[in-house]
file structure_37.cif (mmCIF, C-alpha atoms)
data_entry
loop_
_atom_site.group_PDB
_atom_site.id
_atom_site.type_symbol
_atom_site.label_atom_id
_atom_site.label_comp_id
_atom_site.auth_asym_id
_atom_site.auth_seq_id
_atom_site.Cartn_x
_atom_site.Cartn_y
_atom_site.Cartn_z
ATOM 1 C CA MET L 1 -12.527 -9.087 2.628
ATOM 2 C CA ALA L 2 -11.226 -5.820 4.051
ATOM 3 C CA LEU L 3 -11.379 -2.162 3.091
ATOM 4 C CA PHE L 4 -8.146 -0.159 2.900
ATOM 5 C CA GLN L 5 -7.668 3.586 2.580
ATOM 6 C CA ILE L 6 -4.859 5.808 1.329
ATOM 7 C CA SER L 7 -4.902 9.577 1.036
ATOM 8 C CA ASN L 8 -2.985 12.762 0.461
ATOM 9 C CA GLU L 9 -3.964 16.411 0.967
ATOM 10 C CA LYS L 10 -6.187 16.396 -2.145
ATOM 11 C CA ILE L 11 -7.868 12.981 -2.504
ATOM 12 C CA THR L 12 -8.808 9.854 -0.571
ATOM 13 C CA LEU L 13 -9.070 6.380 -2.120
ATOM 14 C CA GLN L 14 -10.657 3.251 -0.669
ATOM 15 C CA VAL L 15 -9.849 -0.220 -2.029
ATOM 16 C CA ASP L 16 -11.444 -3.558 -1.167
ATOM 17 C CA SER L 17 -9.180 -6.597 -0.867
ATOM 18 C CA LEU L 18 -11.882 -8.564 -2.732
ATOM 19 C CA GLY L 19 -10.792 -8.065 -6.326
ATOM 20 C CA ALA L 20 -8.404 -5.291 -5.191
ATOM 21 C CA GLU L 21 -11.270 -3.083 -6.351
ATOM 22 C CA MET L 22 -11.460 0.693 -5.988
ATOM 23 C CA LYS L 23 -14.621 1.517 -4.063
ATOM 24 C CA SER L 24 -14.386 5.241 -3.429
ATOM 25 C CA LEU L 25 -12.492 8.262 -4.728
ATOM 26 C CA LYS L 26 -13.200 11.497 -2.911
ATOM 27 C CA SER L 27 -11.908 15.038 -3.054
ATOM 28 C CA VAL L 28 -10.646 15.983 0.412
ATOM 29 C CA PRO L 29 -11.624 19.689 0.439
ATOM 30 C CA ASP L 30 -15.340 19.098 -0.263
ATOM 31 C CA ASN L 31 -15.718 15.339 0.407
ATOM 32 C CA ARG L 32 -17.206 14.896 -3.095
ATOM 33 C CA GLU L 33 -17.472 11.304 -4.316
ATOM 34 C CA TYR L 34 -16.480 10.475 -7.914
ATOM 35 C CA MET L 35 -16.903 6.684 -8.073
ATOM 36 C CA TRP L 36 -20.136 4.856 -8.765
ATOM 37 C CA SER L 37 -21.732 3.342 -5.645
ATOM 38 C CA GLY L 38 -22.153 -0.244 -6.891
ATOM 39 C CA ASP L 39 -25.937 -0.257 -6.510
ATOM 40 C CA PRO L 40 -26.963 -3.697 -7.869
ATOM 41 C CA ALA L 41 -30.176 -2.219 -9.274
ATOM 42 C CA TYR L 42 -27.958 -0.970 -12.102
ATOM 43 C CA TRP L 43 -24.558 -2.690 -11.759
ATOM 44 C CA GLY L 44 -23.238 -4.219 -8.571
ATOM 45 C CA ARG L 45 -19.580 -3.454 -9.150
ATOM 46 C CA VAL L 46 -17.505 -0.282 -8.947
ATOM 47 C CA SER L 47 -14.112 -0.803 -10.585
ATOM 48 C CA PRO L 48 -13.258 -4.467 -11.192
ATOM 49 C CA VAL L 49 -9.985 -5.621 -12.717
ATOM 50 C CA LEU L 50 -10.518 -7.738 -15.833
ATOM 51 C CA PHE L 51 -8.135 -10.715 -15.845
ATOM 52 C CA PRO L 52 -7.175 -13.102 -17.417
ATOM 53 C CA ILE L 53 -9.650 -12.049 -20.097
ATOM 54 C CA VAL L 54 -11.459 -8.877 -21.070
ATOM 55 C CA GLY L 55 -15.062 -9.329 -22.180
ATOM 56 C CA LYS L 56 -16.627 -12.646 -23.157
ATOM 57 C CA VAL L 57 -15.231 -15.732 -24.821
ATOM 58 C CA ARG L 58 -17.430 -17.281 -27.487
ATOM 59 C CA ASP L 59 -19.753 -19.991 -26.121
ATOM 60 C CA GLY L 60 -18.286 -19.462 -22.646
ATOM 61 C CA VAL L 61 -15.132 -21.492 -23.339
ATOM 62 C CA PHE L 62 -11.654 -20.853 -24.662
ATOM 63 C CA ARG L 63 -9.175 -23.314 -26.103
ATOM 64 C CA VAL L 64 -5.505 -23.884 -25.338
ATOM 65 C CA ASP L 65 -3.709 -26.535 -27.407
ATOM 66 C CA GLY L 66 -6.961 -28.335 -28.164
ATOM 67 C CA ARG L 67 -8.304 -28.376 -24.591
ATOM 68 C CA GLU L 68 -11.371 -26.347 -23.610
ATOM 69 C CA TYR L 69 -11.676 -24.245 -20.449
ATOM 70 C CA PRO L 70 -14.867 -22.561 -19.208
ATOM 71 C CA MET L 71 -14.544 -18.851 -18.521
ATOM 72 C CA GLY L 72 -17.078 -16.251 -17.430
ATOM 73 C CA GLN L 73 -17.161 -12.677 -18.629
ATOM 74 C CA HIS L 74 -14.101 -10.608 -17.672
ATOM 75 C CA GLY L 75 -12.304 -13.502 -15.990
ATOM 76 C CA PHE L 76 -12.073 -14.486 -12.345
ATOM 77 C CA ALA L 77 -9.657 -12.066 -10.646
ATOM 78 C CA ARG L 78 -12.415 -9.587 -9.848
ATOM 79 C CA ASP L 79 -14.097 -12.189 -7.598
ATOM 80 C CA MET L 80 -10.986 -13.374 -5.751
ATOM 81 C CA GLU L 81 -9.450 -12.250 -2.493
ATOM 82 C CA PHE L 82 -6.153 -10.410 -2.966
ATOM 83 C CA GLN L 83 -3.406 -10.245 -0.369
ATOM 84 C CA LEU L 84 -2.118 -6.932 0.892
ATOM 85 C CA LYS L 85 1.480 -6.629 -0.272
ATOM 86 C CA SER L 86 2.453 -3.178 0.984
ATOM 87 C CA GLN L 87 0.885 0.076 2.139
ATOM 88 C CA VAL L 88 2.208 3.546 2.826
ATOM 89 C CA ALA L 89 0.353 6.835 3.132
ATOM 90 C CA SER L 90 -0.279 7.397 -0.567
ATOM 91 C CA GLU L 91 0.420 4.020 -2.224
ATOM 92 C CA ILE L 92 -0.933 0.494 -1.764
ATOM 93 C CA TRP L 93 -0.274 -2.857 -3.505
ATOM 94 C CA PHE L 94 -2.217 -6.125 -3.609
ATOM 95 C CA SER L 95 -1.301 -9.503 -5.083
ATOM 96 C CA LEU L 96 -3.037 -12.618 -6.370
ATOM 97 C CA SER L 97 -1.264 -15.876 -7.227
ATOM 98 C CA SER L 98 -2.459 -18.762 -9.339
ATOM 99 C CA ASP L 99 -3.382 -21.909 -7.461
ATOM 100 C CA GLU L 100 -4.903 -25.331 -8.100
ATOM 101 C CA GLU L 101 -8.354 -23.845 -8.670
ATOM 102 C CA THR L 102 -7.265 -21.129 -11.103
ATOM 103 C CA LEU L 103 -5.191 -23.638 -13.072
ATOM 104 C CA LYS L 104 -8.347 -25.670 -13.691
ATOM 105 C CA ARG L 105 -9.904 -22.612 -15.336
ATOM 106 C CA TYR L 106 -6.815 -20.978 -16.856
ATOM 107 C CA PRO L 107 -3.762 -23.178 -17.439
ATOM 108 C CA TYR L 108 -1.013 -20.624 -16.829
ATOM 109 C CA PRO L 109 0.837 -19.992 -13.549
ATOM 110 C CA PHE L 110 0.854 -16.260 -12.799
ATOM 111 C CA LEU L 111 1.270 -13.588 -10.169
ATOM 112 C CA LEU L 112 -1.018 -10.561 -10.572
ATOM 113 C CA GLU L 113 -0.174 -7.386 -8.665
ATOM 114 C CA LEU L 114 -2.401 -4.286 -8.478
ATOM 115 C CA GLY L 115 -1.174 -0.980 -7.157
ATOM 116 C CA TYR L 116 -2.735 2.421 -6.505
ATOM 117 C CA GLU L 117 -0.606 5.534 -6.091
ATOM 118 C CA LEU L 118 -1.887 9.028 -5.334
ATOM 119 C CA SER L 119 -0.219 12.075 -6.853
ATOM 120 C CA ASP L 120 -1.896 15.428 -6.272
ATOM 121 C CA ARG L 121 -5.467 14.897 -7.639
ATOM 122 C CA THR L 122 -4.541 11.794 -9.660
ATOM 123 C CA VAL L 123 -4.816 8.078 -8.932
ATOM 124 C CA VAL L 124 -2.302 5.985 -10.863
ATOM 125 C CA VAL L 125 -3.677 2.459 -11.270
ATOM 126 C CA LYS L 126 -0.827 -0.008 -11.835
ATOM 127 C CA TRP L 127 -0.825 -3.599 -13.093
ATOM 128 C CA ARG L 128 1.932 -6.172 -13.015
ATOM 129 C CA VAL L 129 1.600 -9.679 -14.432
ATOM 130 C CA VAL L 130 4.461 -12.054 -13.633
ATOM 131 C CA ASN L 131 5.000 -15.198 -15.678
ATOM 132 C CA GLN L 132 5.631 -18.026 -13.217
ATOM 133 C CA ALA L 133 5.838 -20.693 -15.920
ATOM 134 C CA LYS L 134 8.803 -21.929 -17.926
ATOM 135 C CA ASP L 135 6.960 -21.324 -21.196
ATOM 136 C CA PRO L 136 5.111 -18.220 -22.469
ATOM 137 C CA ILE L 137 1.724 -17.321 -21.019
ATOM 138 C CA TRP L 138 -1.154 -15.482 -22.698
ATOM 139 C CA PHE L 139 -3.669 -13.188 -21.035
ATOM 140 C CA SER L 140 -5.697 -10.018 -21.330
ATOM 141 C CA ILE L 141 -6.087 -7.344 -18.667
ATOM 142 C CA GLY L 142 -8.226 -4.255 -18.348
ATOM 143 C CA GLY L 143 -9.865 -1.735 -16.081
ATOM 144 C CA HIS L 144 -13.595 -1.153 -15.629
ATOM 145 C CA PRO L 145 -13.967 1.911 -13.362
ATOM 146 C CA GLY L 146 -17.429 3.446 -13.065
ATOM 147 C CA PHE L 147 -17.759 7.181 -12.440
ATOM 148 C CA LEU L 148 -20.731 9.224 -11.338
ATOM 149 C CA CYS L 149 -22.498 10.940 -14.224
ATOM 150 C CA PRO L 150 -24.356 13.124 -13.497
ATOM 151 C CA ILE L 151 -22.218 14.340 -10.633
ATOM 152 C CA ASP L 152 -24.024 17.557 -9.724
ATOM 153 C CA PRO L 153 -27.513 17.610 -8.139
ATOM 154 C CA GLY L 154 -30.279 18.828 -10.406
ATOM 155 C CA THR L 155 -28.533 17.835 -13.635
ATOM 156 C CA ASP L 156 -29.289 15.065 -16.110
ATOM 157 C CA GLN L 157 -26.781 12.730 -17.745
ATOM 158 C CA THR L 158 -27.874 13.886 -21.211
ATOM 159 C CA GLN L 159 -26.512 17.344 -20.370
ATOM 160 C CA TYR L 160 -23.013 15.915 -19.938
ATOM 161 C CA LYS L 161 -20.291 15.257 -22.512
ATOM 162 C CA LEU L 162 -17.407 12.939 -23.280
ATOM 163 C CA ILE L 163 -14.218 14.631 -24.417
ATOM 164 C CA PHE L 164 -11.598 12.637 -26.337
ATOM 165 C CA ASP L 165 -8.031 13.697 -27.112
ATOM 166 C CA THR L 166 -8.800 13.304 -30.803
ATOM 167 C CA LYS L 167 -10.693 16.035 -32.613
ATOM 168 C CA ASP L 168 -12.837 14.743 -35.463
ATOM 169 C CA LYS L 169 -14.186 11.230 -34.904
ATOM 170 C CA VAL L 170 -13.885 7.865 -33.202
ATOM 171 C CA GLU L 171 -14.932 4.553 -34.712
ATOM 172 C CA SER L 172 -16.535 1.958 -32.460
ATOM 173 C CA SER L 173 -16.952 -1.739 -33.099
ATOM 174 C CA CYS L 174 -20.496 -2.842 -32.275
ATOM 175 C CA ILE L 175 -21.343 -5.489 -29.685
ATOM 176 C CA ASP L 176 -23.540 -8.414 -30.683
ATOM 177 C CA GLY L 177 -24.683 -10.583 -27.778
ATOM 178 C CA GLY L 178 -21.626 -9.696 -25.730
ATOM 179 C CA LEU L 179 -19.249 -10.474 -28.604
ATOM 180 C CA LEU L 180 -17.699 -8.204 -31.195
ATOM 181 C CA GLY L 181 -20.036 -7.889 -34.148
ATOM 182 C CA LYS L 182 -19.292 -7.212 -37.794
ATOM 183 C CA GLU L 183 -20.626 -3.659 -37.848
ATOM 184 C CA LYS L 184 -18.827 -0.476 -36.892
ATOM 185 C CA LYS L 185 -20.195 2.930 -36.029
ATOM 186 C CA THR L 186 -18.492 6.277 -36.461
ATOM 187 C CA TYR L 187 -19.116 9.022 -33.919
ATOM 188 C CA LYS L 188 -18.400 12.509 -35.184
ATOM 189 C CA LEU L 189 -16.755 14.806 -32.673
ATOM 190 C CA ARG L 190 -16.631 18.567 -32.456
ATOM 191 C CA ASP L 191 -13.208 19.487 -31.051
ATOM 192 C CA GLY L 192 -13.154 16.083 -29.368
ATOM 193 C CA VAL L 193 -16.605 16.427 -27.791
ATOM 194 C CA LEU L 194 -19.275 13.716 -27.942
ATOM 195 C CA PRO L 195 -22.615 14.595 -26.289
ATOM 196 C CA ILE L 196 -24.018 11.873 -24.023
ATOM 197 C CA THR L 197 -27.398 11.118 -25.533
ATOM 198 C CA ALA L 198 -30.142 8.987 -24.000
ATOM 199 C CA ASP L 199 -29.508 6.198 -26.521
ATOM 200 C CA LEU L 200 -25.690 6.327 -26.648
ATOM 201 C CA PHE L 201 -25.288 2.940 -24.921
ATOM 202 C CA ASP L 202 -28.404 1.193 -26.200
ATOM 203 C CA GLY L 203 -26.173 -1.086 -28.285
ATOM 204 C CA ASP L 204 -23.913 -1.841 -25.289
ATOM 205 C CA ALA L 205 -20.334 -0.588 -24.896
ATOM 206 C CA LEU L 206 -18.455 1.568 -27.352
ATOM 207 C CA VAL L 207 -15.351 -0.471 -28.247
ATOM 208 C CA ILE L 208 -12.693 1.854 -29.618
ATOM 209 C CA GLU L 209 -9.659 0.010 -30.986
ATOM 210 C CA GLY L 210 -6.336 0.852 -32.587
ATOM 211 C CA ASP L 211 -4.929 3.751 -30.526
ATOM 212 C CA GLN L 212 -7.652 6.160 -31.645
ATOM 213 C CA ALA L 213 -7.490 8.036 -28.340
ATOM 214 C CA HIS L 214 -5.553 7.927 -25.083
ATOM 215 C CA SER L 215 -7.567 10.318 -22.933
ATOM 216 C CA VAL L 216 -11.295 10.456 -22.184
ATOM 217 C CA ALA L 217 -12.895 13.054 -19.922
ATOM 218 C CA LEU L 218 -16.349 13.434 -18.426
ATOM 219 C CA ALA L 219 -17.519 17.031 -18.672
ATOM 220 C CA ARG L 220 -20.254 18.974 -16.921
ATOM 221 C CA PRO L 221 -23.096 20.611 -18.878
ATOM 222 C CA ASN L 222 -20.980 23.754 -19.258
ATOM 223 C CA GLY L 223 -18.263 21.695 -20.978
ATOM 224 C CA THR L 224 -15.797 21.748 -18.067
ATOM 225 C CA PRO L 225 -14.130 18.348 -17.442
ATOM 226 C CA TYR L 226 -14.478 17.043 -13.899
ATOM 227 C CA LEU L 227 -12.721 13.686 -14.363
ATOM 228 C CA THR L 228 -10.196 12.451 -16.934
ATOM 229 C CA VAL L 229 -8.868 8.961 -17.602
ATOM 230 C CA THR L 230 -5.548 8.756 -19.477
ATOM 231 C CA PHE L 231 -3.892 5.564 -20.664
ATOM 232 C CA ASP L 232 -1.421 3.964 -23.076
ATOM 233 C CA ALA L 233 -3.672 0.978 -23.783
ATOM 234 C CA PRO L 234 -4.340 0.353 -27.501
ATOM 235 C CA LEU L 235 -8.088 0.073 -27.040
ATOM 236 C CA PHE L 236 -10.755 0.998 -24.542
ATOM 237 C CA GLY L 237 -14.438 0.773 -23.809
ATOM 238 C CA VAL L 238 -16.992 3.371 -22.763
ATOM 239 C CA TRP L 239 -20.073 1.841 -21.164
ATOM 240 C CA SER L 240 -23.189 2.317 -19.153
ATOM 241 C CA PRO L 241 -25.898 -0.367 -18.787
ATOM 242 C CA PRO L 242 -28.073 -0.324 -21.911
ATOM 243 C CA LYS L 243 -31.534 1.251 -21.584
ATOM 244 C CA LYS L 244 -31.322 1.638 -17.790
ATOM 245 C CA LYS L 245 -30.631 5.376 -17.443
ATOM 246 C CA ALA L 246 -27.900 4.391 -15.001
ATOM 247 C CA PRO L 247 -26.263 7.395 -13.265
ATOM 248 C CA PHE L 248 -22.695 6.420 -14.096
ATOM 249 C CA ILE L 249 -20.347 5.847 -17.027
ATOM 250 C CA CYS L 250 -17.360 3.507 -17.213
ATOM 251 C CA ILE L 251 -14.166 4.463 -19.056
ATOM 252 C CA GLU L 252 -12.173 1.254 -19.493
ATOM 253 C CA PRO L 253 -8.548 0.937 -20.695
ATOM 254 C CA TRP L 254 -7.945 -2.539 -22.120
ATOM 255 C CA TYR L 255 -5.142 -4.812 -23.230
ATOM 256 C CA GLY L 256 -7.525 -7.300 -24.818
ATOM 257 C CA ARG L 257 -11.239 -7.549 -25.587
ATOM 258 C CA CYS L 258 -14.122 -9.957 -26.135
ATOM 259 C CA ASP L 259 -14.080 -12.564 -28.887
ATOM 260 C CA SER L 260 -15.529 -11.753 -32.274
ATOM 261 C CA VAL L 261 -18.833 -13.445 -33.128
ATOM 262 C CA ASP L 262 -17.057 -15.836 -35.504
ATOM 263 C CA PHE L 263 -13.876 -16.465 -33.489
ATOM 264 C CA ALA L 264 -13.081 -20.162 -33.048
ATOM 265 C CA GLY L 265 -9.321 -20.112 -32.577
ATOM 266 C CA ASP L 266 -6.874 -20.844 -29.785
ATOM 267 C CA PHE L 267 -6.561 -18.529 -26.775
ATOM 268 C CA LYS L 268 -3.171 -17.496 -28.132
ATOM 269 C CA GLU L 269 -4.871 -16.096 -31.235
ATOM 270 C CA ARG L 270 -7.325 -13.748 -29.502
ATOM 271 C CA GLU L 271 -7.057 -10.226 -30.898
ATOM 272 C CA TRP L 272 -5.216 -7.727 -28.670
ATOM 273 C CA GLY L 273 -4.227 -10.517 -26.264
ATOM 274 C CA GLN L 274 -0.873 -10.309 -24.495
ATOM 275 C CA GLN L 275 1.987 -12.804 -24.659
ATOM 276 C CA LEU L 276 4.542 -12.842 -21.863
ATOM 277 C CA SER L 277 7.528 -15.077 -22.536
ATOM 278 C CA GLU L 278 9.282 -14.310 -19.273
ATOM 279 C CA GLY L 279 9.572 -11.625 -16.652
ATOM 280 C CA VAL L 280 6.915 -8.999 -15.989
ATOM 281 C CA PHE L 281 4.199 -7.222 -17.952
ATOM 282 C CA GLU L 282 3.581 -3.729 -16.570
ATOM 283 C CA ALA L 283 0.919 -1.186 -17.491
ATOM 284 C CA SER L 284 -1.024 1.620 -15.842
ATOM 285 C CA TYR L 285 -3.690 4.241 -16.311
ATOM 286 C CA ARG L 286 -4.499 7.475 -14.524
ATOM 287 C CA ILE L 287 -7.686 8.978 -13.096
ATOM 288 C CA THR L 288 -7.539 12.727 -12.472
ATOM 289 C CA ILE L 289 -10.313 14.719 -10.821
ATOM 290 C CA ALA L 290 -10.721 18.457 -11.352
#
call {"tool": "encode", "arguments": {"input": "structure_37.cif", "output": "C-alpha cells"}}
result
Amino acid sequence: MALFQISNEKITLQVDSLGAEMKSLKSVPDNREYMWSGDPAYWGRVSPVLFPIVGKVRDGVFRVDGREYPMGQHGFARDMEFQLKSQVASEIWFSLSSDEETLKRYPYPFLLELGYELSDRTVVVKWRVVNQAKDPIWFSIGGHPGFLCPIDPGTDQTQYKLIFDTKDKVESSCIDGGLLGKEKKTYKLRDGVLPITADLFDGDALVIEGDQAHSVALARPNGTPYLTVTFDAPLFGVWSPPKKKAPFICIEPWYGRCDSVDFAGDFKEREWGQQLSEGVFEASYRITIA
C-alpha cells in the first residue's frame, strides 16, 4: 500500500495503490478538498473501482457454465493491491492482473488498468480491461466516487441540489435488499434540478438506466454547481448511506449493475454486463470542479 500524488496548476489528486483508489482531490489555489474522507462511521471507502461486478449477485454467487462462484458486493478489485505502471506530472496508471486466487473466484484471465489524467480542473478516470483468454470474457465495471456534500461550512445537505443534463425527469429502479426490485420511481426535475431531500436515499441508491443522463452535478444552495461528473456509461447510480445523514454523495458511472431480485441466469446473461471477445475494453469518466 502506497499513496501517490499527481498535480497541475489547478488541482492535486492522491491515489492509493490499494484498489488504485482516489483518496483526495483538492483545488490548488485554496486547498479545498472535494472527496469524501472515508470515515468508517458512515462509509469507509472513498472512490473504489467496481470490478468484475457492479452491485450484488443474487444469493452471493454467480454461475458460469453451470459452476457457481462466490462473489461479494462490487467484486474484489477494490481490495487488491495494484502495481504502479507509469507516472508523470499529471497522469498516473496502475494495473492488476488475474492470478490463481482471482481465478478461483472469477474464471476469466484479465488485466485491469486504471489511469488518472489531470486537465485543467478536470480528472479523467480511465479504465482498460484486457482479455487474456482465448475465449470471450464477461465482466462489469464501474466507479463509486464519493464527494463532499455539504461542502461549505454552515450549510446543510438538504440545501444542496443535483443537476442532470436532462430537463424534465429521471426514472430510477428501486433497490430491494441490495438487488434490483420490481418497482420504479420517477423523479420530476425542474430544468434538470433535483433537490436533495432528507429522505432521498432512504430506499438506497437511485439506479438510473438506459442513457437517461450523461452528466450529474452537485450544486450549492444558490444553485451554482461546484462539481460535475460526466460519462458515456449507459447507467449510473447516485447514493448516500440510507438514513445516516452522511455528509457526502456518490455519483457512479456503471457498465453493469446488481442482479434483479428474480435473476437466476448465467453470468453471461446479467443485464448491462460487458462481453470482450478479444483485445481491450476502454471507458472513462470525468470529474470537474468549479
call {"tool": "atom_distance", "arguments": {"input": "structure_37.cif", "atom1": "CA of Pro136 (chain L)", "atom2": "CA of Met71 (chain L)"}}
result
20.1 Å
call {"tool": "residues_near_point", "arguments": {"input": "structure_37.cif", "point": "(0.4, -1.8, -10.5)", "cutoff": "12 Å", "atoms": "only C-alpha atoms", "output": "number ranges by chain"}}
result
L: 20, 49, 85-86, 91-95, 111-117, 123-130, 141-143, 280-286
call {"tool": "closest_residue", "arguments": {"input": "structure_37.cif", "among": "L:Gln275, L:Lys161, L:Ala77, L:Thr12", "to": "Glu33 (chain L)", "atoms": "all atoms listed in the file"}}
result
L:Thr12
call {"tool": "atom_distance", "arguments": {"input": "structure_37.cif", "atom1": "CA of Ala217 (chain L)", "atom2": "CA of Arg257 (chain L)"}}
result
21.4 Å
call {"tool": "resolve_selection", "arguments": {"input": "structure_37.cif", "expression": "the PyMOL selection byres ((chain L and resi 146-157) around 6)", "output": "number ranges by chain"}}
result
L: 34-36, 46-47, 145, 158-160, 247-250
call {"tool": "atom_distance", "arguments": {"input": "structure_37.cif", "atom1": "CA of Tyr42 (chain L)", "atom2": "CA of Arg105 (chain L)"}}
result
28.4 Å
call {"tool": "resolve_selection", "arguments": {"input": "structure_37.cif", "expression": "the PyMOL selection byres ((chain L and resi 272) around 6)", "output": "ChimeraX atom specification"}}
result
/L:256,271,273
call {"tool": "write_last_selection", "arguments": {"input": "structure_37.cif", "atoms": "C-alpha atoms", "output": "PDB file, in the frame of the given file"}}
result
ATOM      1  CA  GLY L 256      -7.525  -7.300 -24.818  1.00  0.00           C
ATOM      2  CA  GLU L 271      -7.057 -10.226 -30.898  1.00  0.00           C
ATOM      3  CA  GLY L 273      -4.227 -10.517 -26.264  1.00  0.00           C
TER       4      GLY L 273
END
call {"tool": "resolve_selection", "arguments": {"input": "structure_37.cif", "expression": "the PyMOL selection byres ((chain L and resi 106) around 12)", "output": "PyMOL selection string"}}
result
chain L and resi 51-53+61-64+67-72+75-77+98-105+107-110+137-140+267
call {"tool": "closest_residue", "arguments": {"input": "structure_37.cif", "among": "L:Glu209, L:Glu269, L:Asp65, L:Asp79", "to": "Val238 (chain L)", "atoms": "only C-alpha atoms"}}
result
L:Glu209
call {"tool": "residues_around", "arguments": {"input": "structure_37.cif", "residues": "Leu194 (chain L)", "least_positions_apart": "4", "cutoff": "7 Å", "atoms": "all atoms listed in the file", "output": "PyMOL selection string"}}
result
chain L and resi 161-163+189
call {"tool": "closest_residue", "arguments": {"input": "structure_37.cif", "among": "L:Ala233, L:Val207, L:Val28, L:Leu18", "to": "Leu180 (chain L)", "atoms": "only C-alpha atoms"}}
result
L:Val207
call {"tool": "axis_aligned_box", "arguments": {"input": "structure_37.cif", "around": "region 122-130 of chain L", "padding_each_side": "4 Å", "output": "lines of an AutoDock Vina configuration file"}}
result
center_x = -0.2
center_y = -0.1
center_z = -11.7
size_x = 17.3
size_y = 31.8
size_z = 13.5
call {"tool": "closest_residue", "arguments": {"input": "structure_37.cif", "among": "L:Arg270, L:Lys167, L:Lys10, L:Arg220", "to": "Asp120 (chain L)", "atoms": "only C-alpha atoms"}}
result
L:Lys10
call {"tool": "closest_residue", "arguments": {"input": "structure_37.cif", "among": "L:Val193, L:Leu25, L:Val15, L:Val57", "to": "Leu179 (chain L)", "atoms": "all atoms listed in the file"}}
result
L:Val57
call {"tool": "residues_near_point", "arguments": {"input": "structure_37.cif", "point": "(-14.2, 11.9, -14.1)", "cutoff": "8 Å", "atoms": "all atoms listed in the file", "output": "PyMOL selection string"}}
result
chain L and resi 34+147-148+217-219+225-229+287-290
call {"tool": "residues_around", "arguments": {"input": "structure_37.cif", "residues": "Arg78 (chain L)", "least_positions_apart": "6", "cutoff": "7 Å", "atoms": "all atoms listed in the file", "output": "PDB file with C-alpha atoms, in the coordinates of the input"}}
result
ATOM      1  CA  GLY L  19     -10.792  -8.065  -6.326  1.00  0.00           C
ATOM      2  CA  PRO L  48     -13.258  -4.467 -11.192  1.00  0.00           C
ATOM      3  CA  VAL L  49      -9.985  -5.621 -12.717  1.00  0.00           C
ATOM      4  CA  LEU L  50     -10.518  -7.738 -15.833  1.00  0.00           C
TER       5      LEU L  50
END
call {"tool": "residues_around", "arguments": {"input": "structure_37.cif", "residues": "Ser7 (chain L)", "least_positions_apart": "3", "cutoff": "8 Å", "atoms": "all atoms listed in the file", "output": "PDB file with C-alpha atoms, in the frame of the given file"}}
result
ATOM      1  CA  LYS L  10      -6.187  16.396  -2.145  1.00  0.00           C
ATOM      2  CA  ILE L  11      -7.868  12.981  -2.504  1.00  0.00           C
ATOM      3  CA  THR L  12      -8.808   9.854  -0.571  1.00  0.00           C
ATOM      4  CA  LEU L  13      -9.070   6.380  -2.120  1.00  0.00           C
ATOM      5  CA  ALA L  89       0.353   6.835   3.132  1.00  0.00           C
ATOM      6  CA  SER L  90      -0.279   7.397  -0.567  1.00  0.00           C
ATOM      7  CA  LEU L 118      -1.887   9.028  -5.334  1.00  0.00           C
TER       8      LEU L 118
END
call {"tool": "residues_around", "arguments": {"input": "structure_37.cif", "residues": "Phe201 (chain L)", "least_positions_apart": "3", "cutoff": "12 Å", "atoms": "all atoms listed in the file", "output": "CSV table (one decimal) with C-alpha atoms, keeping the file's coordinate frame"}}
result
chain,number,residue,atom,x,y,z
L,158,THR,CA,-27.9,13.9,-21.2
L,172,SER,CA,-16.5,2.0,-32.5
L,174,CYS,CA,-20.5,-2.8,-32.3
L,175,ILE,CA,-21.3,-5.5,-29.7
L,196,ILE,CA,-24.0,11.9,-24.0
L,197,THR,CA,-27.4,11.1,-25.5
L,198,ALA,CA,-30.1,9.0,-24.0
L,204,ASP,CA,-23.9,-1.8,-25.3
L,205,ALA,CA,-20.3,-0.6,-24.9
L,206,LEU,CA,-18.5,1.6,-27.4
L,207,VAL,CA,-15.4,-0.5,-28.2
L,237,GLY,CA,-14.4,0.8,-23.8
L,238,VAL,CA,-17.0,3.4,-22.8
L,239,TRP,CA,-20.1,1.8,-21.2
L,240,SER,CA,-23.2,2.3,-19.2
L,241,PRO,CA,-25.9,-0.4,-18.8
L,242,PRO,CA,-28.1,-0.3,-21.9
L,243,LYS,CA,-31.5,1.3,-21.6
L,244,LYS,CA,-31.3,1.6,-17.8
L,245,LYS,CA,-30.6,5.4,-17.4
L,246,ALA,CA,-27.9,4.4,-15.0
L,248,PHE,CA,-22.7,6.4,-14.1
L,249,ILE,CA,-20.3,5.8,-17.0
L,250,CYS,CA,-17.4,3.5,-17.2
